[in-house]
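The next block is data_20.cif, given as mmCIF, C-alpha atoms.
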```cif
data_model
#
loop_
_atom_site.label_atom_id
_atom_site.label_comp_id
_atom_site.auth_asym_id
_atom_site.auth_seq_id
_atom_site.Cartn_x
_atom_site.Cartn_y
_atom_site.Cartn_z
CA MET A 72 36.63 -95.96 -23.28
CA LYS A 73 40.30 -94.94 -23.18
CA LYS A 74 40.89 -91.19 -23.00
CA VAL A 75 44.10 -89.61 -24.29
CA LEU A 76 45.21 -86.03 -23.65
CA PHE A 77 47.78 -84.35 -25.91
CA VAL A 78 49.77 -81.53 -24.29
CA CYS A 79 52.07 -78.85 -25.69
CA LEU A 80 52.98 -75.36 -24.54
CA GLY A 81 50.15 -73.14 -25.79
CA ASN A 82 47.72 -75.71 -27.24
CA ILE A 83 47.57 -74.06 -30.66
CA CYS A 84 49.97 -76.14 -32.79
CA ARG A 85 51.20 -79.58 -31.77
CA SER A 86 48.61 -80.79 -29.25
CA PRO A 87 45.48 -79.83 -31.23
CA LEU A 88 47.13 -81.56 -34.18
CA GLY A 89 47.60 -84.71 -32.10
CA GLU A 90 43.96 -84.53 -31.01
CA GLY A 91 42.72 -84.02 -34.56
CA ILE A 92 44.82 -86.79 -36.07
CA PHE A 93 43.98 -89.22 -33.23
CA ASN A 94 40.23 -88.65 -33.46
CA SER A 95 40.30 -88.84 -37.28
CA ILE A 96 42.18 -92.16 -37.35
CA VAL A 97 39.99 -93.59 -34.58
CA LYS A 98 36.84 -92.57 -36.47
CA ASN A 99 38.12 -94.02 -39.76
CA LYS A 100 38.87 -97.31 -38.00
CA GLY A 101 35.41 -97.39 -36.42
CA LEU A 102 36.90 -97.20 -32.93
CA ASP A 103 35.30 -93.96 -31.76
CA ASP A 104 33.40 -95.85 -29.06
CA CYS A 105 36.74 -97.20 -27.72
CA PHE A 106 39.06 -94.18 -27.80
CA ILE A 107 38.81 -90.40 -27.63
CA SER A 108 41.31 -87.60 -27.29
CA LYS A 109 41.44 -83.98 -26.25
CA SER A 110 44.28 -81.46 -26.02
CA CYS A 111 45.55 -78.68 -23.79
CA GLY A 112 48.61 -76.59 -23.07
CA THR A 113 50.80 -76.12 -20.04
CA GLY A 114 50.37 -72.35 -20.48
CA SER A 115 47.19 -70.27 -20.66
CA TRP A 116 48.26 -67.60 -23.21
CA HIS A 117 45.93 -68.83 -25.94
CA ALA A 118 42.97 -70.07 -23.85
CA GLY A 119 39.81 -70.10 -25.94
CA GLU A 120 41.60 -69.71 -29.27
CA MET A 121 41.42 -72.03 -32.25
CA ALA A 122 44.59 -73.77 -33.44
CA ASP A 123 47.15 -71.63 -35.26
CA PRO A 124 45.85 -70.93 -38.81
CA ARG A 125 49.07 -72.33 -40.31
CA MET A 126 48.60 -75.61 -38.42
CA ARG A 127 44.94 -75.77 -39.43
CA GLU A 128 45.90 -75.22 -43.06
CA VAL A 129 48.52 -77.99 -43.09
CA ALA A 130 46.12 -80.36 -41.31
CA LYS A 131 43.35 -79.50 -43.80
CA LYS A 132 45.68 -80.45 -46.69
CA HIS A 133 45.75 -83.92 -45.10
CA ASN A 134 41.96 -84.03 -44.55
CA ILE A 135 42.21 -83.38 -40.80
CA ASN A 136 39.98 -80.67 -39.29
CA LEU A 137 41.26 -78.98 -36.14
CA THR A 138 38.19 -77.69 -34.33
CA SER A 139 39.17 -77.66 -30.65
CA ARG A 140 39.75 -74.52 -28.61
CA SER A 141 42.83 -74.03 -26.49
CA ARG A 142 42.73 -74.59 -22.76
CA GLN A 143 45.27 -74.95 -19.99
CA PHE A 144 46.06 -78.27 -18.29
CA LYS A 145 44.24 -78.78 -14.98
CA THR A 146 45.37 -81.15 -12.24
CA ASN A 147 42.07 -83.07 -12.45
CA ASP A 148 43.12 -84.04 -16.00
CA PHE A 149 45.22 -86.71 -14.30
CA GLN A 150 41.98 -88.36 -13.16
CA ASP A 151 40.02 -87.65 -16.35
CA PHE A 152 42.52 -89.15 -18.80
CA ASP A 153 44.16 -92.57 -19.03
CA LEU A 154 47.19 -91.40 -21.00
CA ILE A 155 48.80 -87.95 -21.22
CA ILE A 156 51.05 -87.33 -24.23
CA ALA A 157 53.57 -84.48 -23.92
CA MET A 158 55.00 -83.07 -27.13
CA ASP A 159 58.44 -82.35 -25.68
CA ARG A 160 60.59 -82.92 -22.61
CA GLN A 161 59.82 -79.49 -21.14
CA ASN A 162 56.06 -80.18 -21.34
CA LYS A 163 56.64 -83.59 -19.75
CA ASN A 164 58.71 -82.05 -16.96
CA ASP A 165 56.03 -79.40 -16.32
CA LEU A 166 53.35 -82.12 -16.12
CA GLU A 167 55.45 -84.30 -13.83
CA ASN A 168 55.86 -81.33 -11.48
CA LEU A 169 52.06 -81.06 -11.26
CA ALA A 170 51.59 -84.75 -10.49
CA LYS A 171 50.74 -85.29 -6.84
CA GLU A 172 49.05 -88.69 -6.58
CA PRO A 173 50.73 -92.08 -7.01
CA GLY A 174 50.50 -93.24 -10.60
CA GLU A 175 49.94 -89.82 -12.17
CA LYS A 176 53.49 -89.58 -13.49
CA ASN A 177 53.10 -93.05 -15.03
CA LYS A 178 50.35 -91.70 -17.29
CA ILE A 179 52.72 -89.18 -18.91
CA LYS A 180 54.56 -90.21 -22.08
CA LEU A 181 56.43 -88.32 -24.76
CA MET A 182 54.84 -88.23 -28.22
CA ARG A 183 57.99 -89.53 -29.80
CA ASP A 184 58.01 -92.54 -27.47
CA PHE A 185 55.70 -93.95 -30.16
CA GLU A 186 58.29 -93.64 -32.91
CA ASN A 187 61.11 -96.01 -33.75
CA ASN A 188 63.55 -93.12 -34.27
CA LYS A 189 64.86 -92.16 -30.82
CA GLN A 190 67.35 -89.54 -32.10
CA ASN A 191 65.25 -86.58 -30.94
CA PRO A 192 62.66 -87.08 -28.18
CA ASP A 193 60.92 -83.73 -28.83
CA VAL A 194 58.32 -82.78 -31.42
CA PRO A 195 59.66 -79.37 -32.52
CA ASP A 196 57.45 -76.34 -31.93
CA PRO A 197 56.67 -74.88 -35.39
CA TYR A 198 55.19 -71.62 -34.07
CA TYR A 199 58.15 -69.39 -34.98
CA GLY A 200 59.19 -71.38 -38.04
CA GLY A 201 58.10 -71.32 -41.65
CA GLU A 202 55.53 -73.41 -43.49
CA ASN A 203 57.93 -76.37 -43.78
CA GLY A 204 58.06 -76.58 -39.99
CA PHE A 205 54.30 -77.15 -39.81
CA GLU A 206 54.43 -79.87 -42.46
CA ASN A 207 57.37 -81.51 -40.69
CA VAL A 208 55.44 -81.49 -37.39
CA PHE A 209 52.40 -82.96 -39.15
CA GLN A 210 54.48 -85.88 -40.46
CA ILE A 211 56.03 -86.57 -37.04
CA VAL A 212 52.74 -86.33 -35.13
CA TYR A 213 50.87 -88.41 -37.73
CA LYS A 214 53.40 -91.25 -37.58
CA CYS A 215 53.57 -91.23 -33.78
CA THR A 216 49.78 -91.03 -33.41
CA LYS A 217 49.26 -93.92 -35.79
CA ASN A 218 51.72 -96.00 -33.75
CA LEU A 219 50.07 -94.87 -30.49
CA ILE A 220 46.66 -96.05 -31.69
CA GLU A 221 48.10 -99.40 -32.79
CA ASP A 222 49.71 -99.73 -29.35
CA LEU A 223 46.39 -98.92 -27.65
CA GLU A 224 44.54 -101.44 -29.85
CA ASN A 225 47.07 -104.19 -29.06
CA ASN A 226 47.09 -103.50 -25.32
CA ASN A 227 43.44 -102.76 -24.75
#
```
As structure tokens - that is how I would like this structure written.
Amino acid sequence: MKKVLFVCLGNICRSPLGEGIFNSIVKNKGLDDCFISKSCGTGSWHAGEMADPRMREVAKKHNINLTSRSRQFKTNDFQDFDLIIAMDRQNKNDLENLAKEPGEKNKIKLMRDFENNKQNPDVPDPYYGGENGFENVFQIVYKCTKNLIEDLENNN
């Protein structure tokens, strides 16, 4: 089974969305015995909390339930996961700084690496934005996650 970890700053908006979308698509494709995902944040501010209510609401409109609780990234996540998806360049940089063993940095990818549009490598953080920001993030993360799963299927 391939394990994917989605990472953002506080683990209440973008990364739980990635986890929820990934697991929903995988389940709908009947691949839940092949792939699984979890999420976490580089920071611990929201540890134990559910995803932001605005993110949960947008996801729910698209039939995605966000049920995970926030947690902070741990260095043993490098061993526990096959692929680590950072939502923006700062998250990726923070993760790379934690990598100690050979090959750990190679596991880290940006979410938007799985999108054909390379104009902006970061998934914007919708936390301080309005409702449109959450919908925009949903669309970006959905498209990238769909492409990620197709990539995993083709290279598995």
As a check of understanding: the span from CA of Leu169 (chain A) to CA of Lys145 (chain A) is 9.0 Å
*asked:* Using all atoms listed in the file, can you tell me which of A:Ile220, A:Ile92, A:Ile135, A:Ile179 comes closest to Lys109 (chain A)?
replied: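 When distances to Lys109 (chain A) are compared using all atoms listed in the file, the smallest one comes from A:Ile92.
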* **Selection dump of the PyMOL selection byres ((chain A and resi 123-132) around 7), as a PyMOL selection string** => chain A and resi 83-84+121-122+133-137+205-206
Task: Residues selected by the PyMOL selection byres ((chain A and resi 153-165) around 6), written as a ChimeraX atom specification - done: /A:74-79,152,166-168,178-182,193-194
Exercise for the section: Could you pull out every residue with an atom within 12 Å of (33.2, -101.2, -28.9), file coordinates, counting all atoms listed in the file, and send them as a ChimeraX atom specification? Expected result: /A:72-73,97,100-106,224,227
For the selection just defined, write its residues with C-alpha atoms to a file, as a PDB file, in the coordinates of the input.
```pdb
ATOM      1  CA  MET A  72      36.630 -95.960 -23.280  1.00  0.00           C
ATOM      2  CA  LYS A  73      40.300 -94.940 -23.180  1.00  0.00           C
ATOM      3  CA  VAL A  97      39.990 -93.590 -34.580  1.00  0.00           C
ATOM      4  CA  LYS A 100      38.870 -97.310 -38.000  1.00  0.00           C
ATOM      5  CA  GLY A 101      35.410 -97.390 -36.420  1.00  0.00           C
ATOM      6  CA  LEU A 102      36.900 -97.200 -32.930  1.00  0.00           C
ATOM      7  CA  ASP A 103      35.300 -93.960 -31.760  1.00  0.00           C
ATOM      8  CA  ASP A 104      33.400 -95.850 -29.060  1.00  0.00           C
ATOM      9  CA  CYS A 105      36.740 -97.200 -27.720  1.00  0.00           C
ATOM     10  CA  PHE A 106      39.060 -94.180 -27.800  1.00  0.00           C
ATOM     11  CA  GLU A 224      44.540-101.440 -29.850  1.00  0.00           C
ATOM     12  CA  ASN A 227      43.440-102.760 -24.750  1.00  0.00           C
TER      13      ASN A 227
END
```
